[in-house]
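**Student:** One structure, as structure tokens, below. Some questions next.
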Amino acid sequence: MTPRISIIIPAFNAERTLGETLDSVIAQTLTDWEAIVVDDGSGDGTRALAEAIAAREPRIRVVSQANGGVSSARNLGLSEAKGAFGLFLDADDSLLPRHLETLAALVSPDTIAVCAYAYRTPEGGRVPATLHAGLADRAVAMLSDFCALAIHAALVPLDAVRATGGFDTRLRTCEDWDLWLRLARSGVGFATTPEVLALYHMQPASLSSDGSRVVGDAETVIRRARAADPRLPRDISDPAALTPLDEALTVQVFWYAACHAAAGKGIPDWFEARLPKGPLRFAPDKMLGYACSALMVGGNDPGTDFTAIWQARHAPITAMLRTIEARGTPGLTAAALYPFEQWLMSRNALDDDIAFSLVTGVRLELGALRDLSFPPEVSLAHIRIVHDGADVLRLEMPVWSTLPATAILARLFEFSSRADLKASGALDAVPAYRKLLLRESLHQIKRALTGKGKPSRHAAFLATLNRLDGHDGLSALVGQDGIDIMLRAKTDGAGERIAEASAPSPSHQAPEGSGYQDATFWETWFARENPWRYDSTYEQRKYEQSLSLIDGLNVGDALELASAEGHFTAQLAPRVGRLLATDISATALKRTAERCEGFGNVATQVVDVLNDAIPGDKDLIVVSEMLYYLEDRGRLKTAAGKIAGALKPGGRILSAHAYLVSDAPDKPGFDWDLPYGAATIADTFAATDGLMLEKSIQTDLYRVDLWRKGQAAADIRRDGYDIPAPAVLRTLFPDGQKPGVAEARQATTRTVPVLMYHRVAETSGPLKRYAVTPRQFDDQLRMLKSHGFHTLTAAEFAWYREGHAPLKGRPVILTFDDAYQDFTDAAFPVLRRHGFTAEVFVVTDKTGTAADWDAEYGPPAPLMDWAAIARLSEAGIAFGSHLATHRKAETLTSGDLLYEAVKSRTALETRLGKTIRSIAAPYGNLDQRAQRIFHYAGYETVFSTDDGIATFDYPLNRLPRIEVHDEMDADALAARLGVL
């Protein structure tokens with residue numbers, strides 16, 4: 001009877017192991033098999049042992065040949081095989097009992113069945129199972145880079161093996177890999193099971209001692225994968241879809257060399273000679289798997305804890321990575337080793353100090369905290385703090401050369417009370433903690449600046465250092481080395497300011513218990529200079545339109561009510577004979593007087609419109625952006641009568657106010673917590689005896705009116721508004737809203753979805769996912785508008801999250817990574833048309849160039865220059881950091897990451913004249929080390945690429961975002977936001 005399965009076992013000098021291998025075959029639950037032992041010219045008792053076992057088990061046959069190598073032996077067994085399916089089993093490995101039964105249910109004439117396998121140590125232990133995910137779907141791609149399965153983990157159709165030529169006898173190693181690749185390319189499929197059914201027996205000489213030969217054979221297979229192969233009956237592969245040749249070759253050279261080093265043999269002498277010529281590319285994210293495999297195979301390690309072997313062998317492996325890095329993969333060593341060493345260290349108890357290449361571990365007694373010093377390449381310290389034999393806390397802290405004890409203590413303060421730390425002796429051990437508590441650090445920073453011998457060079461940075469971190473104690477947190485890095489970054493990042501500074505914007509929301517008619521409220525309001533962003537493009541455009549209505553008029557005596565800080569006063573003064581500027585706030589009027597000091601025709605006076613007499617006999621009275629705050633239509637009517645009564649016959653009132661939703665919920669307007677807006681104010685003036693509308697400019701957001709005391713023919717002009725309102729004025733709700741929006745607008749919320757865009761452009765190719773078309777973007781914003789969404793910036797999100805005021809309606813943050821030029825050309829016009837703003841993250845060293853990080857995918861797209869960024873900033877677009885060079889955080893040492901974060905923030909602040917507190921890490925790489933460093937660098941809000949909808953419950957240093965990709969239309973986005 002013909003057996004279904006043939007098991008082919010090449011054996012050379014295998015007397016010691018063959019018996020166990022055959023025992024595992026005999027123990028199979030599926031019995032329909034034959035085993036062919038091919039004695040490959042052994043010089044020991046291999047043949048005699050095989051024949052003895054075969055005498056007892058008739059399903060086993062023994063054939064012999066002169067020594068020809070494993071490929072020749074397998075081919076001989078293949079020629080002897082009678083089964084339709086075959087298993088190639090080395091004479092020093094074994095099968096678990098259900099191996100054949102399980103794989104026989106999966107195999108077919110055009111499908112290879114593959115199971116998971118595990119390593120078995122010489123002591124009998126097992127290493128975790130191995131089954132490469134994706135083999136069933138991506139076999140050609142995977143096998144073009146590496147051998148993705150153990151030979152005895154596969155049950156294979158033997159006719160397919162014969163059709164593709166069997167095993168290549170020219171290869172001394174990698175012959176099984178070469179076969180699997182040919183089978184995959186010829187169209188044979190792979191079916192997998194995660195069940196561990198095969199054991200790979202680890203031997204002291206598991207890896208060939210001739211490493212150069214092994215690497216040479218691997219190179220042959222990799223090159224064959226990317227070329228035509230005449231041995232194939234057909235070829236389904238696409239060489240263009242494979243990993244670049246140099247990268248695949250580099251990975252294999254590194255892996256075999258790492259095995260050599262893990263065996264305690266150092267860097268092999270063939271390492272550099274075997275590397276591909278020219279610039280090298282290497283995928284750092286593959287490092288963990290290759291490093292673990294090399295430590296297991298080369299170091300004969302069971303894989304349960306790599307700490308000891310990595311501590312002993314990391315130096316040569318790190319040196320090899322640095323060699324590859326120097327040949328064209330910047331940041332490779334850090335990107336490859338940092339996550340691996342971080343993983344290793346996190347699994348270690350830290351009973352003793354441990355030093356790796358980039359990560360170190362330290363055990364400290366709570367009562368004996370001390371300054372720590374590290375080699376310059378170390379980026380992260382794991383610190384286990386114990387007290388009286390018990391664990392207190394385990395910390396992860398970024399480091400650069402030194403880590404002051406005060407920094408460790410500061411972290412302890414985050415988790416423990418001062419009383420507990422005092423009782424433990426920790427405070428006595430670190431007398432310098434007083435620097436942290438007594439705010440000494442700023443003086444240290446200033447001394448460091450002026451101690452350079454060139455105080456004038458650094459003097460400009462002293463003010464910004466005051467807001468470099470959210471609290472005092474920076475020096476105690478980062479040490480002098482950290483301060484030096486930050487100072488260098490600020491010097492290198494500083495550029496010429498190309499925009500005027502503007503203060504952060506408060507909200508329209510009044511503090512609880514305060515009334516807008518209360519002078520005390522307005523004194524508090526104007527405690528911060530420029531609270532309404534009077535210098536914004538929005539306000540300046542409105543000023544221009546207001547002044548255009550009085551062009552050509554002869555104004556002898558003018559009065560301005562609610563002049564605030566005098567920004568408009570200074571523009572009005574040259575156009576009138578005399579000007580009395582009034583306000584309810586003495587603080588605001590003081591600034592008006594200072595701003596108008598050069599005009600001889602300006603006087604100031606405190607006037608409360610409701611409770612004081614309004615100075616009369618005026619040719620012109622200006623009243624803008626204040627009548628909402630009377631908060632009562634009766635008071636508004638009274639005020640309008642008083643203002644009209646203060647005019648000469650023929651005198652005029654110039655009024656500018658914004659439309660509010662409270663006036664007309666079905667029309668565009670700002671959603672401020674006020675009872676009426678421009679429409680009600682205009683109706684009130686129109687109903688006032690003796691007033692007639694003479695001129696009016698009406699936009700979608702506000703109206704500017706000129707009223708005359710006496711007869712007038714109205715000249716009403718619509719003006720298309722194309723500049724976004726500044727953050728302080730936003731929360732705009734449009735017409736055409738969906739059902740339920742009115743209710744949502746009144747409700748408070750703690751949820752703020754953050755949308756992540758990259759480009760708004762018509763594009764194609766590998767990066768198409770990261771671009772939406774202008775039409776698609778317009779549809780998405782129209783959808784947001786119709787559902788009542790209004791935009792926030794990161795600063796506003798943080799402000800509301802701190803509880804300064806309730807957040808109402810449906811807020812959303814629109815973010816754009818990389819600051820592509822098409823944001824200016826395509827995204828911004830759509831944003832301003834819909835009354836939205838956005839937060840753009842800038843790669844500050846790359847402005848005005850192109851996104852060279854995308855160069856391998858095609859011509860890189862152009863980026864905005866500083867002039868464009870400044871114009872957009874003045875138009876209300878917020879900006880944040882995307883680091884200086886767009887490198888992944890894990891490719892940078894802690895010192896380099898701190899430098900980039902501070903340099904980028906400095907560049908934005910000095911060029912835009914605004915405080916920058918938001919950052920999005922390139923590629924979304926955001927671990928605890930990066931979060932801590934961004935905090936040191938002065939960032940408040942950190943955006944990740946974690947998928948999710950942000951709420952106030954998320955930490956500010958890791959806010960999730962929703963990626964908006966090329967296949968997400970407006971309906972899909974609405975569904976993601978839960979409003980479809």
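Residue numbering restarts at 1 for every chain of the structure tokens, chains are lettered A, B, ... in their displayed order, and ligands are numbered from 1 as they appear.
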Do a neighbour search on A:Asp229 at 9 Å with only C-alpha atoms, toss out local chain neighbours closer than 5 positions, and write the hits as a list in words.
**Tutor:** Arg182, Arg224 and Asp235 of chain A
**Student:** Please return as a list in words: the residues of stretch 104-249 of chain A that backbone DSSP assigns to strand (DSSP E).
**Tutor:**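 Listing strand (DSSP E) positions across stretch 104-249 of chain A yields Thr111, Ile112, Ala113, Val114, Cys115, Ala116, Tyr117, Ala118, Tyr119, Arg120, Ala154, Leu155, Val156, Pro157, Gly189, Phe190, Ala191, Thr192, Thr193, Pro194, Glu195, Val196, Leu197, Ala198, Leu199, Tyr200 and His201 of chain A.
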**Student:** For the selection you just gave me, I'd like the residues written to a file as a compact mmCIF listing (two decimals), in the first residue's frame, keeping N, CA, C and O atoms.
**Tutor:**
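Writing done, so here's part.txt:
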```
# COMPACT_ATOMS: atom_id res chain seq x y z
N THR A 111 -0.68 23.38 -2.04
CA THR A 111 -0.58 24.11 -0.77
C THR A 111 0.38 23.41 0.17
O THR A 111 0.28 22.19 0.37
N ILE A 112 1.30 24.19 0.76
CA ILE A 112 2.21 23.68 1.78
C ILE A 112 1.59 23.97 3.14
O ILE A 112 1.13 25.08 3.40
N ALA A 113 1.55 22.96 4.01
CA ALA A 113 1.03 23.15 5.37
C ALA A 113 2.19 23.43 6.31
O ALA A 113 3.20 22.70 6.30
N VAL A 114 2.06 24.49 7.13
CA VAL A 114 3.16 24.93 8.00
C VAL A 114 2.64 25.09 9.43
O VAL A 114 1.57 25.68 9.65
N CYS A 115 3.41 24.59 10.38
CA CYS A 115 3.06 24.75 11.79
C CYS A 115 4.08 25.65 12.48
O CYS A 115 5.14 25.96 11.94
N ALA A 116 3.75 26.08 13.70
CA ALA A 116 4.72 26.80 14.52
C ALA A 116 5.76 25.81 15.04
O ALA A 116 5.49 24.62 15.17
N TYR A 117 6.93 26.31 15.31
CA TYR A 117 7.97 25.46 15.89
C TYR A 117 8.60 26.18 17.07
O TYR A 117 8.48 27.40 17.21
N ALA A 118 9.26 25.41 17.91
CA ALA A 118 9.92 25.98 19.07
C ALA A 118 11.34 25.44 19.14
O ALA A 118 11.64 24.36 18.62
N TYR A 119 12.21 26.23 19.78
CA TYR A 119 13.58 25.78 20.03
C TYR A 119 13.61 24.97 21.32
O TYR A 119 12.97 25.33 22.30
N ARG A 120 14.36 23.87 21.29
CA ARG A 120 14.56 23.10 22.50
C ARG A 120 16.03 23.21 22.91
O ARG A 120 16.93 22.96 22.10
N ALA A 154 7.11 22.01 7.84
CA ALA A 154 6.30 22.08 6.63
C ALA A 154 6.02 20.69 6.06
O ALA A 154 6.92 19.85 5.96
N LEU A 155 4.78 20.48 5.70
CA LEU A 155 4.37 19.29 4.95
C LEU A 155 4.10 19.78 3.53
O LEU A 155 3.23 20.63 3.31
N VAL A 156 4.83 19.20 2.54
CA VAL A 156 4.89 19.80 1.22
C VAL A 156 4.45 18.82 0.14
O VAL A 156 4.72 17.61 0.25
N PRO A 157 3.75 19.27 -0.91
CA PRO A 157 3.42 18.38 -2.05
C PRO A 157 4.69 18.05 -2.82
O PRO A 157 5.36 18.93 -3.35
N GLY A 189 0.75 27.69 -2.56
CA GLY A 189 0.32 28.48 -1.42
C GLY A 189 0.80 27.90 -0.10
O GLY A 189 1.40 26.82 -0.04
N PHE A 190 0.52 28.65 0.98
CA PHE A 190 0.92 28.23 2.32
C PHE A 190 -0.29 28.34 3.23
O PHE A 190 -0.96 29.37 3.27
N ALA A 191 -0.57 27.26 3.97
CA ALA A 191 -1.61 27.26 5.00
C ALA A 191 -0.93 27.02 6.34
O ALA A 191 -0.06 26.15 6.45
N THR A 192 -1.30 27.77 7.35
CA THR A 192 -0.57 27.73 8.61
C THR A 192 -1.47 27.39 9.78
O THR A 192 -2.68 27.62 9.76
N THR A 193 -0.85 26.85 10.82
CA THR A 193 -1.50 26.65 12.10
C THR A 193 -0.57 27.15 13.19
O THR A 193 0.64 26.94 13.12
N PRO A 194 -1.10 27.85 14.19
CA PRO A 194 -0.23 28.37 15.26
C PRO A 194 0.20 27.31 16.26
O PRO A 194 0.98 27.60 17.17
N GLU A 195 -0.27 26.07 16.09
CA GLU A 195 0.07 25.02 17.04
C GLU A 195 1.54 24.62 16.89
O GLU A 195 2.02 24.40 15.77
N VAL A 196 2.25 24.52 18.00
CA VAL A 196 3.65 24.11 17.98
C VAL A 196 3.70 22.59 17.80
O VAL A 196 3.27 21.84 18.67
N LEU A 197 4.26 22.15 16.66
CA LEU A 197 4.30 20.72 16.35
C LEU A 197 5.70 20.23 16.01
O LEU A 197 5.89 19.02 15.82
N ALA A 198 6.66 21.15 15.91
CA ALA A 198 8.03 20.78 15.56
C ALA A 198 8.99 21.40 16.56
O ALA A 198 8.78 22.54 17.01
N LEU A 199 10.05 20.65 16.89
CA LEU A 199 11.08 21.15 17.81
C LEU A 199 12.42 21.23 17.09
O LEU A 199 12.85 20.26 16.46
N TYR A 200 13.01 22.42 17.19
CA TYR A 200 14.35 22.62 16.65
C TYR A 200 15.33 22.48 17.81
O TYR A 200 15.30 23.27 18.75
N HIS A 201 16.18 21.44 17.76
CA HIS A 201 17.08 21.15 18.87
C HIS A 201 18.32 22.03 18.79
O HIS A 201 19.08 21.94 17.81
```
**Student:** If I take atom CA of A:Tyr954 and atom CA of A:Arg769, how far is one from the other in Å, to one decimal?
**Tutor:**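 Spanning atom CA of A:Tyr954 to atom CA of A:Arg769 is a straight-line distance of 27.3 Å.
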**Student:** For the contact check between stretch 826-880 of chain A and stretch 896-912 of chain A, emit one row per residue of stretch 826-880 of chain A within 8 Å, containing the shortest atom pair and the distance in Å rounded to one decimal, counting only C-alpha atoms, chain then rising number order, as JSON lines.
**Tutor:**
```
{"residue": "A:Val843", "atom": "CA", "partner": "A:Ser904", "partner_atom": "CA", "distance": 7.5}
{"residue": "A:Thr844", "atom": "CA", "partner": "A:Ser904", "partner_atom": "CA", "distance": 5.6}
{"residue": "A:Asp845", "atom": "CA", "partner": "A:Ser904", "partner_atom": "CA", "distance": 7.7}
{"residue": "A:Trp866", "atom": "CA", "partner": "A:Arg911", "partner_atom": "CA", "distance": 7.7}
{"residue": "A:Ala870", "atom": "CA", "partner": "A:Leu912", "partner_atom": "CA", "distance": 6.0}
{"residue": "A:Ser873", "atom": "CA", "partner": "A:Leu912", "partner_atom": "CA", "distance": 7.3}
{"residue": "A:Phe879", "atom": "CA", "partner": "A:Leu908", "partner_atom": "CA", "distance": 7.9}
{"residue": "A:Gly880", "atom": "CA", "partner": "A:Leu908", "partner_atom": "CA", "distance": 7.6}
```
**Student:** Compile the contact shell of A:Ile614 as a ChimeraX atom specification: residues with an atom at most 8 Å away, counting only C-alpha atoms, same-chain residues fewer than 2 positions apart removed.
**Tutor:** /A:607,609,612,616,642-643,646
**Student:** Can you tell me how far atom CA of A:Ala826 sits from atom CA of A:Ser764, in Å to one decimal?
**Tutor:**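 Atom CA of A:Ser764 lies at a distance of 16.6 Å from atom CA of A:Ala826.
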**Student:** For the helix (DSSP H, G or I) assignment from backbone DSSP, which residues of stretch 586-703 of chain A qualify? Please present them as JSON, numbers by chain.
**Tutor:** {"A": [586, 587, 588, 589, 590, 591, 592, 593, 594, 595, 627, 628, 629, 630, 633, 634, 635, 636, 637, 638, 639, 640, 641, 642, 643, 644, 645, 678, 679, 680, 681, 682, 683, 684, 685, 686]}
**Student:** I need the chosen residues saved as a short mmCIF file (atom, residue, chain, number, x, y, z; two decimals), in the first residue's frame, with N, CA and C atoms.
**Tutor:**
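Output below, filename part.cif:
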```
data_model
loop_
_atom_site.label_atom_id
_atom_site.label_comp_id
_atom_site.auth_asym_id
_atom_site.auth_seq_id
_atom_site.Cartn_x
_atom_site.Cartn_y
_atom_site.Cartn_z
N ALA A 586 -10.02 101.96 33.72
CA ALA A 586 -8.91 102.91 33.81
C ALA A 586 -7.61 102.28 33.29
N THR A 587 -7.46 100.98 33.51
CA THR A 587 -6.26 100.29 33.01
C THR A 587 -6.19 100.35 31.50
N ALA A 588 -7.32 100.10 30.83
CA ALA A 588 -7.35 100.16 29.38
C ALA A 588 -7.07 101.58 28.89
N LEU A 589 -7.65 102.58 29.57
CA LEU A 589 -7.44 103.96 29.14
C LEU A 589 -5.99 104.40 29.30
N LYS A 590 -5.32 103.86 30.30
CA LYS A 590 -3.90 104.20 30.48
C LYS A 590 -3.11 103.75 29.25
N ARG A 591 -3.45 102.56 28.74
CA ARG A 591 -2.76 102.07 27.55
C ARG A 591 -3.14 102.89 26.32
N THR A 592 -4.40 103.35 26.27
CA THR A 592 -4.82 104.23 25.18
C THR A 592 -3.99 105.50 25.18
N ALA A 593 -3.83 106.09 26.36
CA ALA A 593 -3.06 107.33 26.47
C ALA A 593 -1.61 107.12 26.04
N GLU A 594 -1.03 105.98 26.44
CA GLU A 594 0.35 105.69 26.05
C GLU A 594 0.46 105.48 24.54
N ARG A 595 -0.53 104.81 23.96
CA ARG A 595 -0.48 104.52 22.53
C ARG A 595 -0.68 105.79 21.71
N LEU A 627 -21.69 96.96 22.80
CA LEU A 627 -23.10 97.04 23.17
C LEU A 627 -23.70 95.67 23.51
N TYR A 628 -23.01 94.55 23.08
CA TYR A 628 -23.50 93.23 23.51
C TYR A 628 -23.51 93.13 25.03
N TYR A 629 -22.50 93.76 25.66
CA TYR A 629 -22.22 93.50 27.07
C TYR A 629 -23.18 94.24 28.01
N LEU A 630 -24.14 94.99 27.43
CA LEU A 630 -25.20 95.56 28.26
C LEU A 630 -26.17 94.45 28.69
N ARG A 633 -31.96 93.96 26.45
CA ARG A 633 -32.45 94.79 25.35
C ARG A 633 -32.99 96.14 25.84
N GLY A 634 -33.51 96.16 27.05
CA GLY A 634 -33.96 97.44 27.60
C GLY A 634 -32.80 98.38 27.82
N ARG A 635 -31.71 97.87 28.42
CA ARG A 635 -30.52 98.70 28.62
C ARG A 635 -29.93 99.13 27.29
N LEU A 636 -29.98 98.22 26.28
CA LEU A 636 -29.48 98.57 24.96
C LEU A 636 -30.28 99.74 24.38
N LYS A 637 -31.60 99.71 24.53
CA LYS A 637 -32.44 100.79 24.02
C LYS A 637 -32.11 102.10 24.72
N THR A 638 -31.90 102.01 26.04
CA THR A 638 -31.55 103.22 26.80
C THR A 638 -30.22 103.79 26.31
N ALA A 639 -29.23 102.91 26.13
CA ALA A 639 -27.90 103.37 25.70
C ALA A 639 -27.97 103.98 24.32
N ALA A 640 -28.75 103.38 23.41
CA ALA A 640 -28.85 103.91 22.05
C ALA A 640 -29.45 105.32 22.08
N GLY A 641 -30.45 105.53 22.95
CA GLY A 641 -31.04 106.87 23.06
C GLY A 641 -30.04 107.87 23.60
N LYS A 642 -29.25 107.49 24.63
CA LYS A 642 -28.25 108.40 25.19
C LYS A 642 -27.19 108.75 24.16
N ILE A 643 -26.75 107.77 23.37
CA ILE A 643 -25.71 108.03 22.36
C ILE A 643 -26.25 108.97 21.29
N ALA A 644 -27.47 108.70 20.82
CA ALA A 644 -28.05 109.58 19.79
C ALA A 644 -28.23 110.99 20.33
N GLY A 645 -28.57 111.08 21.63
CA GLY A 645 -28.76 112.40 22.22
C GLY A 645 -27.47 113.18 22.36
N ALA A 678 -25.16 91.76 16.43
CA ALA A 678 -25.21 92.90 15.53
C ALA A 678 -26.61 93.15 14.98
N ALA A 679 -27.38 92.10 14.72
CA ALA A 679 -28.71 92.29 14.14
C ALA A 679 -29.62 93.05 15.09
N THR A 680 -29.64 92.65 16.36
CA THR A 680 -30.47 93.35 17.35
C THR A 680 -29.97 94.76 17.59
N ILE A 681 -28.66 94.94 17.61
CA ILE A 681 -28.10 96.29 17.82
C ILE A 681 -28.51 97.20 16.67
N ALA A 682 -28.42 96.70 15.43
CA ALA A 682 -28.83 97.51 14.28
C ALA A 682 -30.32 97.84 14.33
N ASP A 683 -31.15 96.86 14.69
CA ASP A 683 -32.60 97.12 14.79
C ASP A 683 -32.88 98.17 15.86
N THR A 684 -32.11 98.15 16.95
CA THR A 684 -32.33 99.10 18.04
C THR A 684 -31.98 100.52 17.60
N PHE A 685 -30.84 100.67 16.91
CA PHE A 685 -30.49 102.00 16.39
C PHE A 685 -31.52 102.48 15.37
N ALA A 686 -31.99 101.57 14.52
CA ALA A 686 -32.97 101.95 13.50
C ALA A 686 -34.28 102.43 14.13
#
```
**Student:** Looking at A:Ser918, A:Ser357, A:Thr524, A:Asn348, which one is nearest to A:Ala315, with distances taken over only C-alpha atoms?
**Tutor:**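 Counting only C-alpha atoms, the residue closest to A:Ala315 is A:Ser357.
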**Student:** May I have the residues within 8 Å of A:Asp617 as a short mmCIF file (atom, residue, chain, number, x, y, z; two decimals) with all heavy atoms, in the first residue's frame, using only C-alpha atoms and disregarding those fewer than 3 positions away in the same chain?
**Tutor:**
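Writing done, so here's result21.cif:
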```cif
data_model
loop_
_atom_site.label_atom_id
_atom_site.label_comp_id
_atom_site.auth_asym_id
_atom_site.auth_seq_id
_atom_site.Cartn_x
_atom_site.Cartn_y
_atom_site.Cartn_z
N ASP A 557 -15.34 117.18 16.16
CA ASP A 557 -15.32 116.72 17.55
C ASP A 557 -15.84 115.27 17.58
O ASP A 557 -17.00 115.02 17.26
CB ASP A 557 -16.21 117.62 18.40
CG ASP A 557 -15.79 117.60 19.87
OD1 ASP A 557 -14.95 116.75 20.22
OD2 ASP A 557 -16.31 118.42 20.64
N ALA A 646 -26.32 112.55 22.31
CA ALA A 646 -25.04 113.23 22.44
C ALA A 646 -24.51 113.74 21.11
O ALA A 646 -23.43 114.34 21.05
CB ALA A 646 -24.01 112.29 23.06
N LEU A 647 -25.29 113.56 20.02
CA LEU A 647 -24.85 114.01 18.69
C LEU A 647 -25.34 115.42 18.39
O LEU A 647 -26.43 115.83 18.81
CB LEU A 647 -25.40 113.07 17.61
CG LEU A 647 -24.80 111.68 17.49
CD1 LEU A 647 -25.59 110.88 16.46
CD2 LEU A 647 -23.32 111.74 17.10
N LYS A 648 -24.57 116.16 17.62
CA LYS A 648 -25.05 117.38 17.01
C LYS A 648 -26.07 117.03 15.92
O LYS A 648 -26.07 115.90 15.44
CB LYS A 648 -23.88 118.13 16.33
CG LYS A 648 -22.85 118.71 17.25
CD LYS A 648 -21.75 119.37 16.42
CE LYS A 648 -20.68 120.00 17.31
NZ LYS A 648 -19.59 120.61 16.50
#
```
**Student:** Any idea what's packed within 7 Å of stretch 358-371 of chain A, counting only C-alpha atoms, ignoring anything in its chain fewer than 6 positions away? Could you give it as number ranges by chain?
**Tutor:** A: 338, 341-342, 345, 350-352, 377-387, 403-405, 424-426, 429-430
**Student:** So, with only C-alpha atoms as the atoms that count, which of A:Leu280, A:Cys596, A:Ile267, A:Ile550 lies closest to A:Val251?
**Tutor:**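 Checking each candidate against A:Val251, we get A:Leu280 as the closest.
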**Student:** Could you give me, as number ranges by chain, the residues within 12 Å of A:Ala291, counting only C-alpha atoms and dropping anything in the same chain fewer than 3 positions from it?
**Tutor:** A: 251-252, 254-262, 284-288, 294-299, 301, 303, 306, 309-310, 313-314, 317-318, 321, 336-337, 339-341, 344
**Student:** Those same residues - C-alpha atoms - I'd like them written as a compact mmCIF listing (two decimals), in the first residue's frame.
**Tutor:**
```
# COMPACT_ATOMS: atom_id res chain seq x y z
CA VAL A 251 19.85 42.32 7.31
CA GLN A 252 21.26 38.86 6.61
CA PHE A 254 24.02 41.56 10.31
CA TRP A 255 22.05 38.57 11.58
CA TYR A 256 24.78 36.03 10.90
CA ALA A 257 27.43 38.38 12.29
CA ALA A 258 25.29 38.96 15.40
CA CYS A 259 25.02 35.20 15.89
CA HIS A 260 28.82 35.04 15.68
CA ALA A 261 29.14 37.79 18.29
CA ALA A 262 26.48 36.22 20.52
CA PRO A 284 15.43 49.31 12.50
CA ASP A 285 12.00 48.06 13.45
CA LYS A 286 13.11 44.53 12.53
CA MET A 287 15.92 44.65 15.06
CA LEU A 288 14.10 43.11 18.01
CA ALA A 294 20.81 35.86 17.11
CA LEU A 295 21.09 35.62 20.88
CA MET A 296 19.20 32.32 20.87
CA VAL A 297 20.97 30.71 17.93
CA GLY A 298 24.42 32.17 18.34
CA GLY A 299 24.43 32.30 22.11
CA ASP A 301 20.28 30.92 24.95
CA GLY A 303 15.30 32.97 25.32
CA PHE A 306 18.39 37.72 27.40
CA ILE A 309 23.94 37.44 27.39
CA TRP A 310 23.08 40.90 26.05
CA ARG A 313 27.66 40.66 24.07
CA HIS A 314 26.07 44.04 23.32
CA ILE A 317 26.65 44.02 18.09
CA THR A 318 26.33 47.75 18.80
CA LEU A 321 25.14 48.63 13.90
CA ALA A 336 17.24 49.55 16.64
CA LEU A 337 18.68 49.18 20.12
CA PRO A 339 13.30 49.65 22.01
CA PHE A 340 15.13 46.33 22.38
CA GLU A 341 17.12 47.43 25.42
CA LEU A 344 15.00 43.94 28.17
```
**Student:** Considering only C-alpha atoms, can you say which of A:Pro766, A:Gly895, A:Pro97, A:Gly690 comes closest to A:Gly479?
**Tutor:**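 Between A:Pro766, A:Gly895, A:Pro97, A:Gly690, the residue approaching A:Gly479 most closely is A:Gly895.
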**Student:** What does the distance from atom CA of A:Asp23 to atom CA of A:Asn67 come to in Å, to one decimal?
**Tutor:**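 If I compute the distance from atom CA of A:Asp23 to atom CA of A:Asn67, I get 24.7 Å.
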**Student:** For each of A:Leu561, A:Ala241, A:Ile869, A:Ala771, take the minimum atom-to-atom distance to A:Ala141, counting only C-alpha atoms, then give the residue where this is smallest.
**Tutor:**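 Closest candidate: A:Ala241.
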